[in-house]
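K.L.:
Encoded as structure tokens, here's the structure I'll be asking about.
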Amino acid sequence: MACFLVPTAEAVIVTLATKIKEKSDASKPVKVDASKVSDKIPFTRKLKWLSGMLWGGSALLAFEHVWHGEVTPWFPFLTAMGSEADAMEMLHEMATAGVMMAVLVTAVWGVMCVAADIIMKKSAKTETVKGEAA
Amino acid sequence: MTLLITVFAAITATIVWYFKNQSKYMIGTLALMYWGASIMWFVDAIFEYAELQAEFFTPAAKDMLNDAFLGVSVVALGLIIWLIILIMKDPDGKLRKTLQGQKA
């Protein structure tokens with residue numbers, strides 16, 4: 001009915017958080033140690049993965065809702081807002097399916113971040129060993 | 001059916017991203033978009049399964065056709081969104097050159 005609104009709301013928050021973090025990172029002085037190979041992926045880059053999944057998924061899901069006639073281009077935009085019973089059902093769906101969608105996407109992103117960090121650490125270790133041997 | 005088609009689109013985009021990794025063309029963004037949608041439809045499928053049980057796996061032909069049509073449309077919409085982002089960013093400057101009347 002309107003489950004896509006929950007991941008959309010998360011996408012807005014994540015995008016805002018990314019912009020704020022980018023601004024604060026840009027104002028900080030950066031110390032560069034050329035002897036060390038960096039094994040860190042910037043957190044803002046990771047946040048962009050999450051916002052990509054959330055925005056993309058929400059947009060495609062919103063299209064599905066338009067397809068099924070649950071979203072209309074005129075006020076109140078959601079057909080479920082027509083009656084109180086439908087509105088309650090919509091809120092229930094948002095609280096169950098919508099929240100679970102947002103949680104699962106975030107969980108998958110968390111696994112992606114951990115895996116990416118492990119891969120980067122391993123490759124940095126290999127590069128450092130190669131550099132020392134040379 | 002929509003979930004299945006979107007998952008295949010996500011897998012294809014990921015394979016293209018892995019083997020032809022040119023970050024400037026943002027194939028990764030396309031893959032993330034399809035994966036995000038796939039996860040969301042997977043949750044939808046879980047709730048539908050909880051409601052329909054075994055009937056979930058035996059949809060009517062008409063419903064399946066409609067879902068397949070929706071799935072293909074979703075893949076097309078994803079590609080359109082990606083194409084718009086790509087053209088707006090114009091990584092090779094082709095659009096800029098064309099608009100300036102130069103040979104792209």
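Naming works like this for the structure tokens: A, B, ... for the chains as they're shown, residue 1 at the start of each chain, ligands 1 onward in shown order.
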Please list as a list of chain:residue names every residue within 12 Å of Ile85 of chain B, counting only C-alpha atoms and excluding residues in the same chain fewer than 3 positions away.
P.N.:
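Using only C-alpha atoms, the neighbours found are A:Gly56, B:Lys24, B:Tyr25, B:Met26, B:Ile27, B:Thr29, B:Leu30, B:Gly78, B:Leu79, B:Ile80, B:Ile81, B:Trp82, B:Met88, B:Lys89, B:Asp90, B:Pro91.
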K.L.:
For chain B, report every residue with an atom at most 6 Å from chain A (counting only C-alpha atoms), formatted as an MDAnalysis selection string.
P.N.:
chainID B and resid 32:33 36:37 40 43
K.L.:
If you run DSSP on the backbone, which residues of chain A are alpha helix (DSSP H), as number ranges by chain?
P.N.:
A: 5-27, 43-67, 84-93, 99-133
K.L.:
Keeping C-alpha atoms, export the residues of the selection given above as a PDB file, in the first residue's frame.
P.N.:
ATOM      1  CA  LEU A   5       7.647   5.226   2.213  1.00  0.00           C
ATOM      2  CA  VAL A   6       9.673   3.773   5.116  1.00  0.00           C
ATOM      3  CA  PRO A   7      12.837   3.034   3.042  1.00  0.00           C
ATOM      4  CA  THR A   8      12.288   6.403   1.279  1.00  0.00           C
ATOM      5  CA  ALA A   9      12.341   8.189   4.642  1.00  0.00           C
ATOM      6  CA  GLU A  10      15.533   6.299   5.555  1.00  0.00           C
ATOM      7  CA  ALA A  11      17.031   7.265   2.179  1.00  0.00           C
ATOM      8  CA  VAL A  12      16.378  10.967   2.910  1.00  0.00           C
ATOM      9  CA  ILE A  13      18.040  10.668   6.343  1.00  0.00           C
ATOM     10  CA  VAL A  14      21.044   8.747   4.941  1.00  0.00           C
ATOM     11  CA  THR A  15      21.506  11.294   2.126  1.00  0.00           C
ATOM     12  CA  LEU A  16      21.416  14.189   4.604  1.00  0.00           C
ATOM     13  CA  ALA A  17      23.875  12.369   6.904  1.00  0.00           C
ATOM     14  CA  THR A  18      26.220  11.779   3.945  1.00  0.00           C
ATOM     15  CA  LYS A  19      26.152  15.469   2.974  1.00  0.00           C
ATOM     16  CA  ILE A  20      26.835  16.572   6.577  1.00  0.00           C
ATOM     17  CA  LYS A  21      29.704  14.045   6.954  1.00  0.00           C
ATOM     18  CA  GLU A  22      31.207  15.123   3.625  1.00  0.00           C
ATOM     19  CA  LYS A  23      31.164  18.767   4.728  1.00  0.00           C
ATOM     20  CA  SER A  24      32.729  18.001   8.111  1.00  0.00           C
ATOM     21  CA  ASP A  25      35.393  15.775   6.495  1.00  0.00           C
ATOM     22  CA  ALA A  26      36.273  18.485   3.967  1.00  0.00           C
ATOM     23  CA  SER A  27      36.902  21.011   6.741  1.00  0.00           C
ATOM     24  CA  PHE A  43      32.399   6.161   5.629  1.00  0.00           C
ATOM     25  CA  THR A  44      30.717   8.619   3.257  1.00  0.00           C
ATOM     26  CA  ARG A  45      31.432   6.227   0.381  1.00  0.00           C
ATOM     27  CA  LYS A  46      29.809   3.408   2.335  1.00  0.00           C
ATOM     28  CA  LEU A  47      26.810   5.623   3.097  1.00  0.00           C
ATOM     29  CA  LYS A  48      26.456   6.259  -0.637  1.00  0.00           C
ATOM     30  CA  TRP A  49      26.098   2.491  -1.208  1.00  0.00           C
ATOM     31  CA  LEU A  50      23.242   2.461   1.301  1.00  0.00           C
ATOM     32  CA  SER A  51      21.522   5.505  -0.183  1.00  0.00           C
ATOM     33  CA  GLY A  52      21.891   3.971  -3.668  1.00  0.00           C
ATOM     34  CA  MET A  53      20.094   0.819  -2.556  1.00  0.00           C
ATOM     35  CA  LEU A  54      17.428   2.741  -0.631  1.00  0.00           C
ATOM     36  CA  TRP A  55      16.675   5.365  -3.313  1.00  0.00           C
ATOM     37  CA  GLY A  56      16.785   2.862  -6.168  1.00  0.00           C
ATOM     38  CA  GLY A  57      14.692   0.275  -4.372  1.00  0.00           C
ATOM     39  CA  SER A  58      12.145   2.851  -3.200  1.00  0.00           C
ATOM     40  CA  ALA A  59      11.804   4.371  -6.686  1.00  0.00           C
ATOM     41  CA  LEU A  60      11.195   0.993  -8.321  1.00  0.00           C
ATOM     42  CA  LEU A  61       8.821  -0.047  -5.549  1.00  0.00           C
ATOM     43  CA  ALA A  62       6.930   3.246  -5.882  1.00  0.00           C
ATOM     44  CA  PHE A  63       6.495   2.441  -9.589  1.00  0.00           C
ATOM     45  CA  GLU A  64       5.009  -0.924  -8.625  1.00  0.00           C
ATOM     46  CA  HIS A  65       2.511   0.884  -6.392  1.00  0.00           C
ATOM     47  CA  VAL A  66       1.563   3.202  -9.263  1.00  0.00           C
ATOM     48  CA  TRP A  67       1.153   0.089 -11.441  1.00  0.00           C
ATOM     49  CA  GLU A  84     -10.081   5.177   7.761  1.00  0.00           C
ATOM     50  CA  ALA A  85     -10.004   1.354   7.574  1.00  0.00           C
ATOM     51  CA  ASP A  86      -7.723   1.431   4.525  1.00  0.00           C
ATOM     52  CA  ALA A  87      -5.508   4.038   6.175  1.00  0.00           C
ATOM     53  CA  MET A  88      -5.124   1.832   9.259  1.00  0.00           C
ATOM     54  CA  GLU A  89      -4.250  -1.141   7.057  1.00  0.00           C
ATOM     55  CA  MET A  90      -1.693   1.012   5.222  1.00  0.00           C
ATOM     56  CA  LEU A  91      -0.081   2.133   8.481  1.00  0.00           C
ATOM     57  CA  HIS A  92       0.058  -1.490   9.644  1.00  0.00           C
ATOM     58  CA  GLU A  93       1.757  -2.498   6.390  1.00  0.00           C
ATOM     59  CA  VAL A  99      10.183  -1.377   8.487  1.00  0.00           C
ATOM     60  CA  MET A 100      11.392  -4.890   7.614  1.00  0.00           C
ATOM     61  CA  MET A 101      12.423  -3.687   4.133  1.00  0.00           C
ATOM     62  CA  ALA A 102      14.455  -0.824   5.604  1.00  0.00           C
ATOM     63  CA  VAL A 103      16.016  -3.098   8.239  1.00  0.00           C
ATOM     64  CA  LEU A 104      16.949  -5.823   5.737  1.00  0.00           C
ATOM     65  CA  VAL A 105      18.496  -3.354   3.260  1.00  0.00           C
ATOM     66  CA  THR A 106      20.504  -1.813   6.133  1.00  0.00           C
ATOM     67  CA  ALA A 107      21.576  -5.268   7.347  1.00  0.00           C
ATOM     68  CA  VAL A 108      22.754  -6.271   3.856  1.00  0.00           C
ATOM     69  CA  TRP A 109      24.639  -2.957   3.647  1.00  0.00           C
ATOM     70  CA  GLY A 110      26.261  -3.710   7.025  1.00  0.00           C
ATOM     71  CA  VAL A 111      27.459  -7.095   5.744  1.00  0.00           C
ATOM     72  CA  MET A 112      28.748  -5.372   2.571  1.00  0.00           C
ATOM     73  CA  CYS A 113      30.729  -2.861   4.665  1.00  0.00           C
ATOM     74  CA  VAL A 114      32.284  -5.563   6.865  1.00  0.00           C
ATOM     75  CA  ALA A 115      33.196  -7.659   3.785  1.00  0.00           C
ATOM     76  CA  ALA A 116      34.664  -4.603   2.013  1.00  0.00           C
ATOM     77  CA  ASP A 117      36.763  -3.722   5.094  1.00  0.00           C
ATOM     78  CA  ILE A 118      38.112  -7.281   5.321  1.00  0.00           C
ATOM     79  CA  ILE A 119      38.978  -7.301   1.591  1.00  0.00           C
ATOM     80  CA  MET A 120      40.710  -3.902   1.872  1.00  0.00           C
ATOM     81  CA  LYS A 121      42.698  -4.969   4.962  1.00  0.00           C
ATOM     82  CA  LYS A 122      43.857  -8.137   3.223  1.00  0.00           C
ATOM     83  CA  SER A 123      44.905  -6.310   0.061  1.00  0.00           C
ATOM     84  CA  ALA A 124      46.683  -3.583   2.076  1.00  0.00           C
ATOM     85  CA  LYS A 125      48.597  -6.292   3.975  1.00  0.00           C
ATOM     86  CA  THR A 126      49.635  -7.937   0.702  1.00  0.00           C
ATOM     87  CA  GLU A 127      50.730  -4.575  -0.755  1.00  0.00           C
ATOM     88  CA  THR A 128      52.757  -3.748   2.386  1.00  0.00           C
ATOM     89  CA  VAL A 129      54.500  -7.152   2.302  1.00  0.00           C
ATOM     90  CA  LYS A 130      55.266  -6.670  -1.409  1.00  0.00           C
ATOM     91  CA  GLY A 131      56.605  -3.178  -0.729  1.00  0.00           C
ATOM     92  CA  GLU A 132      58.866  -4.397   2.082  1.00  0.00           C
ATOM     93  CA  ALA A 133      60.193  -7.269  -0.053  1.00  0.00           C
TER      94      ALA A 133
END
K.L.:
Skip Thr6 of chain B itself and residues of its chain fewer than 4 positions away, then list as a tab-separated table (two decimals) with N, CA, C and O atoms, in the first residue's frame all residues within 7 Å of it, counting only C-alpha atoms.
P.N.:
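out05.tsv was written with the following content:
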chain	number	residue	atom	x	y	z
B	2	THR	N	8.08	-10.69	-10.53
B	2	THR	CA	8.74	-9.37	-10.52
B	2	THR	C	10.06	-9.48	-9.76
B	2	THR	O	11.09	-8.97	-10.22
B	10	ALA	N	19.70	-7.55	-11.29
B	10	ALA	CA	20.73	-7.19	-10.30
B	10	ALA	C	21.99	-8.02	-10.53
B	10	ALA	O	23.11	-7.50	-10.50
B	34	TYR	N	19.06	-2.14	-8.34
B	34	TYR	CA	18.34	-3.40	-8.54
B	34	TYR	C	18.40	-4.28	-7.30
B	34	TYR	O	17.43	-4.95	-6.95
B	38	SER	N	15.33	-5.62	-5.17
B	38	SER	CA	15.19	-7.07	-4.98
B	38	SER	C	14.97	-7.41	-3.51
B	38	SER	O	14.11	-8.23	-3.18
B	71	GLY	N	7.71	-6.68	-14.02
B	71	GLY	CA	9.15	-6.89	-13.82
B	71	GLY	C	9.98	-6.29	-14.93
B	71	GLY	O	10.97	-5.59	-14.67
B	75	VAL	N	12.65	-3.12	-14.74
B	75	VAL	CA	14.03	-3.17	-15.25
B	75	VAL	C	14.26	-1.99	-16.21
B	75	VAL	O	15.28	-1.30	-16.13
K.L.:
Can you tell me how far atom CA of Ile41 of chain A sits from atom CA of Trp41 of chain B, in Å to one decimal?
P.N.:
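Straight-line distance from atom CA of Ile41 of chain A to atom CA of Trp41 of chain B works out to 29.2 Å.
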K.L.:
Using Å and a single decimal, report how far atom CA of Phe47 of chain B sits from atom CA of Ser83 of chain A.
P.N.:
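Straight-line distance from atom CA of Ser83 of chain A to atom CA of Phe47 of chain B works out to 23.2 Å.
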K.L.:
Select, from B:Ala76, B:Leu95, B:Leu70, B:Val7, the residue with the minimum atom-to-atom distance to Trp35 of chain B, counting only C-alpha atoms.
P.N.:
B:Val7
